[in-house]
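Participant: Right, I'll just put the structure down here and ask away after.
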There are 6 protein chains.
Amino acid sequence: MLPPLPLLDRFVLDWLAEDIGFTDRTTQSLVWQNEQSLARWILKAPGVICGLTIAERVFHLLDPACQFKSLVKEGEWQNPGKVICTIEGKTAALLTAERVALNNVMRLSGISTTTYILADQIKDLPTQLVDTRKTTPGLRFLEKYAVLVGGGKNHRSRLDEAVMIKDNHIQAVGSITAAVHQVRRYLPITTTIEVETETIEQVKEAIPLHIDIIMLDNMDQQTMKEAISMIRRQSPHTKIEASGNITIDNIRSVAELGVDYISTSAMVTRSGWLDISMRF
Amino acid sequence: MLPPLPLLDRFVLDWLAEDIGFTDRTTQSLVWQNEQSLARWILKAPGVICGLTIAERVFHLLDPACQFKSLVKEGEWQNPGKVICTIEGKTAALLTAERVALNNVMRLSGISTTTYILADQIKDLPTQLVDTRKTTPGLRFLEKYAVLVGGGKNHRSRLDEAVMIKDNHIQAVGSITAAVHQVRRYLPITTTIEVETETIEQVKEAIPLHIDIIMLDNMDQQTMKEAISMIRRQSPHTKIEASGNITIDNIRSVAELGVDYISTSAMVTRSGWLDISMRF
Amino acid sequence: MLPPLPLLDRFVLDWLAEDIGFTDRTTQSLVWQNEQSLARWILKAPGVICGLTIAERVFHLLDPACQFKSLVKEGEWQNPGKVICTIEGKTAALLTAERVALNNVMRLSGISTTTYILADQIKDLPTQLVDTRKTTPGLRFLEKYAVLVGGGKNHRSRLDEAVMIKDNHIQAVGSITAAVHQVRRYLPITTTIEVETETIEQVKEAIPLHIDIIMLDNMDQQTMKEAISMIRRQSPHTKIEASGNITIDNIRSVAELGVDYISTSAMVTRSGWLDISMRF
Amino acid sequence: MLPPLPLLDRFVLDWLAEDIGFTDRTTQSLVWQNEQSLARWILKAPGVICGLTIAERVFHLLDPACQFKSLVKEGEWQNPGKVICTIEGKTAALLTAERVALNNVMRLSGISTTTYILADQIKDLPTQLVDTRKTTPGLRFLEKYAVLVGGGKNHRSRLDEAVMIKDNHIQAVGSITAAVHQVRRYLPITTTIEVETETIEQVKEAIPLHIDIIMLDNMDQQTMKEAISMIRRQSPHTKIEASGNITIDNIRSVAELGVDYISTSAMVTRSGWLDISMRF
Amino acid sequence: MLPPLPLLDRFVLDWLAEDIGFTDRTTQSLVWQNEQSLARWILKAPGVICGLTIAERVFHLLDPACQFKSLVKEGEWQNPGKVICTIEGKTAALLTAERVALNNVMRLSGISTTTYILADQIKDLPTQLVDTRKTTPGLRFLEKYAVLVGGGKNHRSRLDEAVMIKDNHIQAVGSITAAVHQVRRYLPITTTIEVETETIEQVKEAIPLHIDIIMLDNMDQQTMKEAISMIRRQSPHTKIEASGNITIDNIRSVAELGVDYISTSAMVTRSGWLDISMRF
Amino acid sequence: MLPPLPLLDRFVLDWLAEDIGFTDRTTQSLVWQNEQSLARWILKAPGVICGLTIAERVFHLLDPACQFKSLVKEGEWQNPGKVICTIEGKTAALLTAERVALNNVMRLSGISTTTYILADQIKDLPTQLVDTRKTTPGLRFLEKYAVLVGGGKNHRSRLDEAVMIKDNHIQAVGSITAAVHQVRRYLPITTTIEVETETIEQVKEAIPLHIDIIMLDNMDQQTMKEAISMIRRQSPHTKIEASGNITIDNIRSVAELGVDYISTSAMVTRSGWLDISMRF
């Protein structure tokens, strides 16, 4: 679910320009243009790999003849010491590309790893782990890809892709009912509507509107239980999303309440990079 | 140390385009164009704020007449509950800008906070905490700014800004000595040279070259001690950088060995986002 | 439902650069820099106006102090002779901006006008007129805006925004059922699914999958009638879209069959420009 | 007369990004990466094909190994049922590229077809059909190419490429004579000058200035006749352009008056798309 | 004859980004944000000033409130010591903008000065000094502006703006006659045609084609004299351009032969920068 | 020391777009698409060649199959008549690419030639010739490359790459000492510091700060001599740069004073283009 390669390459070129500036002075001064090397990437910590296609483009753009071989399946758990990929090509290209390639894969693998660990808690339940719009500026498409690779699902990508009616929107119009009616007038026919609710009263107001998703935001589990039961009975096609303060410790108990989705930004905002090193 | 505003705005526009797509359907459908609001940002966890200038530009671009007031000094430790800033302007602009503005500040504040905590361990020592090129693609200038705000120092920003001679460069030329001589031929007169050393033998070879910085890479503390003592005696103008597996637990003991710089990517690769929420 | 102004301005600047090249030689040679004029836009043919916000930005970028006054409500039917707007500002700016401003409004008004006429045929019925992805390269967001202004609804804007399973997709997987199951695995939770059906057999296969929209593609009205009846009975939450060879002559009879949506590219592919002229 | 391919590709990438967003979810989810197909484009209505080079680049960018074969000569009249081209390559690439490729060719072929029909009325006369600056924002170079392919000629592409002195320019300076003298001072030596005239008096004033083109704007045929006769006698090198309210019904009678050029925006502003469909 | 300001600003921002990188470390570290200064630009060598509008935009973008006052008329000869302009605004902005502003004006003024000196040799003759396409990549529009300011005229700006038939084009088609006939088929009606001739025989072939400009390329003065006389007699509307090895020593004698244009790249390729310094 | 090819190509495409506009009308009208030619570049004046890699990319982008053979070593002195390179490929591509390719190489070779001549004066001395930030907007990376090729050294590329404390910075803080202390607080550890001094008193103040480079700006040779002697004695690691009014006549006598660097913008601001012509 990555963009086509020529569109991806535009990003990669920007990242290379950022890292290189005009030229990699060290490598250009020291490495003979035609020298060839074989490099391996070694995993240094346990986790899930994501982003090798991007790494391949980084190397490819600096040496179109280089051979990039992926040795793992993205999305599967790997142990330290695993050789993730090999790259054979011009030594100078490998050295200049190294940092941009690794920065991408280490970041995304960190996100996939955190996603995997969280999703693993509920893998035998029908509830799905979902991301948010709390993503790194400029890199949303990649971070959502990493969540997918790690076993999560994506929420909307942009403000024009789905409607999410929050507190302040409701205030502006006066009621959930008014908001939903008004928003429907101008909406593309493919656009789903979600409403954030914080109380049982709001849930009660939302149910008869038969919107696509009702979010239970920051509710305690007892309230959620009551809300879920009401929604299931009265609007069986409406999906239910739980949100707010989800952690590895409570994700399973929330899922067991029977929500369809549990959303959290933790995959992006609480993940470190997965350690990988390049060896010649 | 941010770019001039019109250059910064180019980035901000890209981030808004990423988040919005064509239009914020929810807000455009529901909020009256001229409605005004006052929003506050509340800190939800302890830490150091960074990036309010960026937040201001996000709001400013969507409502040039809005009033953004910063209520904290960037770089200082803040406690939860602190009101960080207020924004007064068009409700629609505040709602559409919220996520891009918060995503930037929460991320950068996370980096500044991690930096602050690490730097705090050695604040009474002359050693300085330094970042690396392990940064998020496209956002290096901001992440280095966040390290600075948090009390750290920056290493080079680009491959053309300083020379760092590593293992593979040395192999390509045959020796540290040959590498340094060769690299000096084509270097701008303002470009500093650093050599990565992993053994005492390499340190011995590097010392008489009087390069700007010798990095002691992944050495145990006993070896570092010996290396530092040799360098200080024989090349007093050369700076010493320790690198590799720096944690909050060992940073002070490494600093006490007397190195000038301790470099680690932890500020970027091991930091979460600092939790902040916007309230109307 | 236009992008925020600074994002819109990026497009406007590109269009100005295309029309001007380096400079408007005629105007720059002949018109005194500070000369002021008042221009009016006169409608020359009956129709619906769309795009004045864009026109305003064109004039504003060439003369930030100019006064643009809109005198019509976008989306309402207007007769020839109507003064659409007035612009007061530097004569040179008005002359240089004229063509880019008019080209946008005349094109978009043509689309809104065609939309209005088609939608008018079914305005007393619940069926809605919907656009397609047959839009002018680079201008989809504007053309979809013009459809909205003219009284139509939008279908998806991008290939990542909704799933549309067509013949060739079905062939690739073997069956509609397999396609829907497979596509659901990787889909954002806000993404709707639509399947194109061309026969009653395909409709029968699609119904139990409870997808969001079933498209009846190029079916005769008798077949459509049968399909609609089956879908309404067995999957009441599924929306029904009729597509293929819709004209002003048959749109009402198709709507009367009871479909939710009638989609056609005619608003874009069969509309001329609405004639407007600028007078000083 | 298209731009060199790497410059054309920049446009094509922008159009693909617009249509795809991040990814073609339907195709990416359902079609096996290496599946190959053969697609044909079938003409559904009579007309003139234009833009296959662009279509080829769209497919090429998504599958560099695909084989695109053009089966028609651009600019010649074709009948419905004609196979325009075949594309053999990755099924996924064909499906994702289809819309952008077709949108371009259908639009441009519509313009070429309208041009062909108008030009056909005067093909045995020396008068030439000419376009205007009323073109779709961002696509002028393609629309002018389509006019050329359809048998028309192009007028200027940009405001810096030729001088066109209109009413308001004349007012600003006081007279046609003053305007022409003033504009000549700063003009590149390759820049032609055209003056719009609306009365015989203006024609009389323009003749002795020996400008390159005199436009007879919105004159009745009797006035045009008189103007043409005067210009031919007194300034034989000056070309004559008729403009204003040209239709298929009057184009021949205007041409028979003996003007060099008849300009109209109808090729762009009054043309629909030519219907083409892609079949596997 | 510069682009409208918002289009010019796009270039200025690129140049600032090139010069600044992320930030002006010296100024940002040392100068208090609100400190104000008054700077003057002093001319250090005699010459003609060009480009102050660009300088103004550089300062304006870094300090929108700064006051830029031009004290000279562009295109007039100035002596050393002349105060060219004053800028009053934030000290930090003045220091950061200085180099980009001066680099533009010093370069362009150098070109205007060289143009002035050459044009001055023939100012009492009807012959005009004309530039070429030998211009600095990316800066053609500015360099042609500087030629205009210095008293020269511009030749075509782009390969699509006028036709210049050279040796290799003639060879490709077989003869000048064939080339002119073929090129006329596809040309915009505003596009002028020029043919390069190197011998009297080529001139003889070109004359009856009544093209817009005949270039006499690298001919000795005796041959030019003969060619001019033939062209004037047989094709009085054709302009004559002399080209090749024009210097300050021979420009007048060539002009006295009676050509319309003398073209040379010397204004761009043989000019130094005009020395200007900024003082506080 | 050029950027990686895909980054270089972005610039080349911009330059081609500038020169071509939409299309090379002359060549496209006259040259058969598949015609092949062999072109040679002949040096017309003595000098040093620079920039053939860029020329190669220009031709390569317009004809990926063309063969470009460089026949000289960049940086070595060449005599008129030398064949610099041959290009074999499509005639149309060679003709369309010619100007952009030559403009780059002629300009850069002019800079390399001027550099070579200046550097040659001091080639037996340890002093090095250094460039400045007086470079053509948008082309700094190429002009610094040309200086390197010609035998010079580069100074900083951007305002964020090194600190240069000038008069106005010193005034803003009060003293050289204060300025250096303050600037050091926020500096990357790889950033060198240079101070401009104009008097012996300033040199005396700078010496004990042990900064990286002291610039002696516009001093007479007697003062420089005194300054050099003081610096060498008291701060042997500090480099010394002489600047101001360096010409071919005085460069050697300044170098003989024993400075490390002599900086001048003359390589860029006082160089003409090196004459080269392309022959078929």
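Scheme for the structure tokens: letters A, B, ... for chains in order shown; per-chain residue numbers from 1; ligand numbers from 1 in order shown.
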Using only C-alpha atoms and a cut-off of 10 Å, which residues of chain A sit close to chain C? Please list them as JSON, numbers by chain.

Facilitator: {"A": [1, 3, 128, 130, 131, 144, 148, 149, 151, 152, 153, 154, 155, 156, 157, 158, 160, 161, 162, 163, 185, 186, 187, 188, 189, 190, 191, 192, 193, 194, 210, 212, 213, 237, 239, 241, 260, 261]}

Participant: Contacts of Leu8 of chain C at 12 Å or less, counting only C-alpha atoms, minus same-chain residues fewer than 2 places along, as a PyMOL selection string?

Facilitator: (chain B and resi 13+16-17+21-23+61-62) or (chain C and resi 1-6+10-15+51+53-58+61+139+141-142)

Participant: Would you mind reading off the distance between atom CA of Lys69 of chain C and atom CA of Ile84 of chain C, one decimal, in Å?

Facilitator: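 So the two atoms, atom CA of Lys69 of chain C and atom CA of Ile84 of chain C, lie 8.7 Å apart.
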
Participant: Any chance you could list, as JSON, numbers by chain, the residues in segment 34-275 of chain C that come up helix (DSSP H, G or I) when DSSP is run on the backbone?

Facilitator: {"C": [52, 53, 54, 55, 56, 57, 58, 59, 60, 61, 62, 91, 92, 93, 94, 95, 96, 97, 98, 99, 100, 101, 102, 103, 104, 105, 106, 107, 108, 109, 110, 111, 112, 113, 114, 115, 116, 117, 118, 119, 120, 140, 141, 142, 143, 144, 145, 146, 147, 148, 149, 167, 168, 169, 170, 171, 172, 173, 176, 177, 178, 179, 180, 181, 182, 183, 184, 185, 200, 201, 202, 203, 204, 205, 206, 207, 208, 209, 221, 222, 223, 224, 225, 226, 227, 228, 229, 230, 231, 232, 233, 234, 251, 252, 253, 254, 255, 266, 267, 268, 269]}

Participant: Enter the distance from atom CA of Ile117 of chain B to atom CA of Thr223 of chain B, in Å, rounded to one decimal.

Facilitator: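 Going from atom CA of Ile117 of chain B over to atom CA of Thr223 of chain B, I get 26.9 Å.
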
Participant: Could you work out how far atom CA of Arg25 of chain E lies from atom CA of Thr96 of chain A, giving the answer in Å with one decimal?

Facilitator: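 Atom CA of Thr96 of chain A sits 26.3 Å away from atom CA of Arg25 of chain E.
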
Participant: Please identify which residues in segment 23-198 of chain E DSSP calls strand (DSSP E or B) from the backbone, and express them as an NGL selection string.

Facilitator: :E and (36-43 or 47-48 or 67-70 or 77-78 or 83-90 or 128-130 or 153 or 163-165 or 191 or 193-197)

Participant: Check the smallest atom-to-atom distance from each of A:Ser263, A:Met106, A:Met219, A:Asp19 to Ala119 of chain A using only C-alpha atoms, then report the winner.

Facilitator: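 Among the listed residues, the smallest separation from Ala119 of chain A belongs to A:Ser263.
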
Participant: Need to verify the contact set: Val203 of chain A, 12 Å, only C-alpha atoms, exclusion of same-chain residues closer than 6 positions in sequence. Can you return it as a list in words?

Facilitator: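 The contact residues come out as Ile176, Thr177, Glu194, Val195, Glu196, Thr197, Leu209, His210, Ile211, Ile213, Ile214, Met215, Leu216, Asp217, Met219, Thr223, Met224, Lys225, Glu226, Ala227, Ile228, Ser229, Met230, Ile231, Arg232, Gln234, Ser235, Thr238 and Ile240 of chain A.
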
Participant: Filtering to C-alpha atoms, could you give me those residues as a PDB file, in the first residue's frame?

Facilitator:
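Final output, result_34.pdb:
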```
ATOM      1  CA  ILE A 176     -25.242  16.095  17.305  1.00  0.00           C
ATOM      2  CA  THR A 177     -28.447  15.721  15.336  1.00  0.00           C
ATOM      3  CA  GLU A 194     -18.086   9.420  12.817  1.00  0.00           C
ATOM      4  CA  VAL A 195     -19.222  11.208  15.942  1.00  0.00           C
ATOM      5  CA  GLU A 196     -17.220  11.524  19.143  1.00  0.00           C
ATOM      6  CA  THR A 197     -19.331  10.901  22.219  1.00  0.00           C
ATOM      7  CA  LEU A 209     -28.843   9.009  13.197  1.00  0.00           C
ATOM      8  CA  HIS A 210     -27.431   5.681  11.942  1.00  0.00           C
ATOM      9  CA  ILE A 211     -23.993   7.143  11.327  1.00  0.00           C
ATOM     10  CA  ILE A 213     -19.023   5.021  13.482  1.00  0.00           C
ATOM     11  CA  ILE A 214     -19.676   6.149  17.042  1.00  0.00           C
ATOM     12  CA  MET A 215     -16.563   6.895  19.017  1.00  0.00           C
ATOM     13  CA  LEU A 216     -16.675   6.333  22.775  1.00  0.00           C
ATOM     14  CA  ASP A 217     -14.107   8.851  23.905  1.00  0.00           C
ATOM     15  CA  MET A 219     -15.321   6.670  28.835  1.00  0.00           C
ATOM     16  CA  THR A 223     -20.150   3.393  30.578  1.00  0.00           C
ATOM     17  CA  MET A 224     -18.687   1.855  27.454  1.00  0.00           C
ATOM     18  CA  LYS A 225     -20.412  -1.421  28.225  1.00  0.00           C
ATOM     19  CA  GLU A 226     -23.760   0.300  28.509  1.00  0.00           C
ATOM     20  CA  ALA A 227     -23.164   2.325  25.344  1.00  0.00           C
ATOM     21  CA  ILE A 228     -22.111  -0.705  23.315  1.00  0.00           C
ATOM     22  CA  SER A 229     -25.152  -2.631  24.358  1.00  0.00           C
ATOM     23  CA  MET A 230     -27.464   0.223  23.343  1.00  0.00           C
ATOM     24  CA  ILE A 231     -25.786   0.751  19.981  1.00  0.00           C
ATOM     25  CA  ARG A 232     -25.724  -2.941  19.086  1.00  0.00           C
ATOM     26  CA  GLN A 234     -30.655  -0.094  18.112  1.00  0.00           C
ATOM     27  CA  SER A 235     -28.206   0.523  15.244  1.00  0.00           C
ATOM     28  CA  THR A 238     -22.987   1.341  13.257  1.00  0.00           C
ATOM     29  CA  ILE A 240     -18.041   1.353  17.596  1.00  0.00           C
TER      30      ILE A 240
END
```

Participant: Can you list, as a PyMOL selection string, every protein, DNA or RNA residue that comes within 12 Å of Arg107 of chain C when you count only C-alpha atoms, leaving out same-chain residues fewer than 3 positions away?

Facilitator: (chain C and resi 47-52+54-55+99-104+110-114+136+139+142-143+145-147+267-276) or (chain D and resi 134-137+268-271)
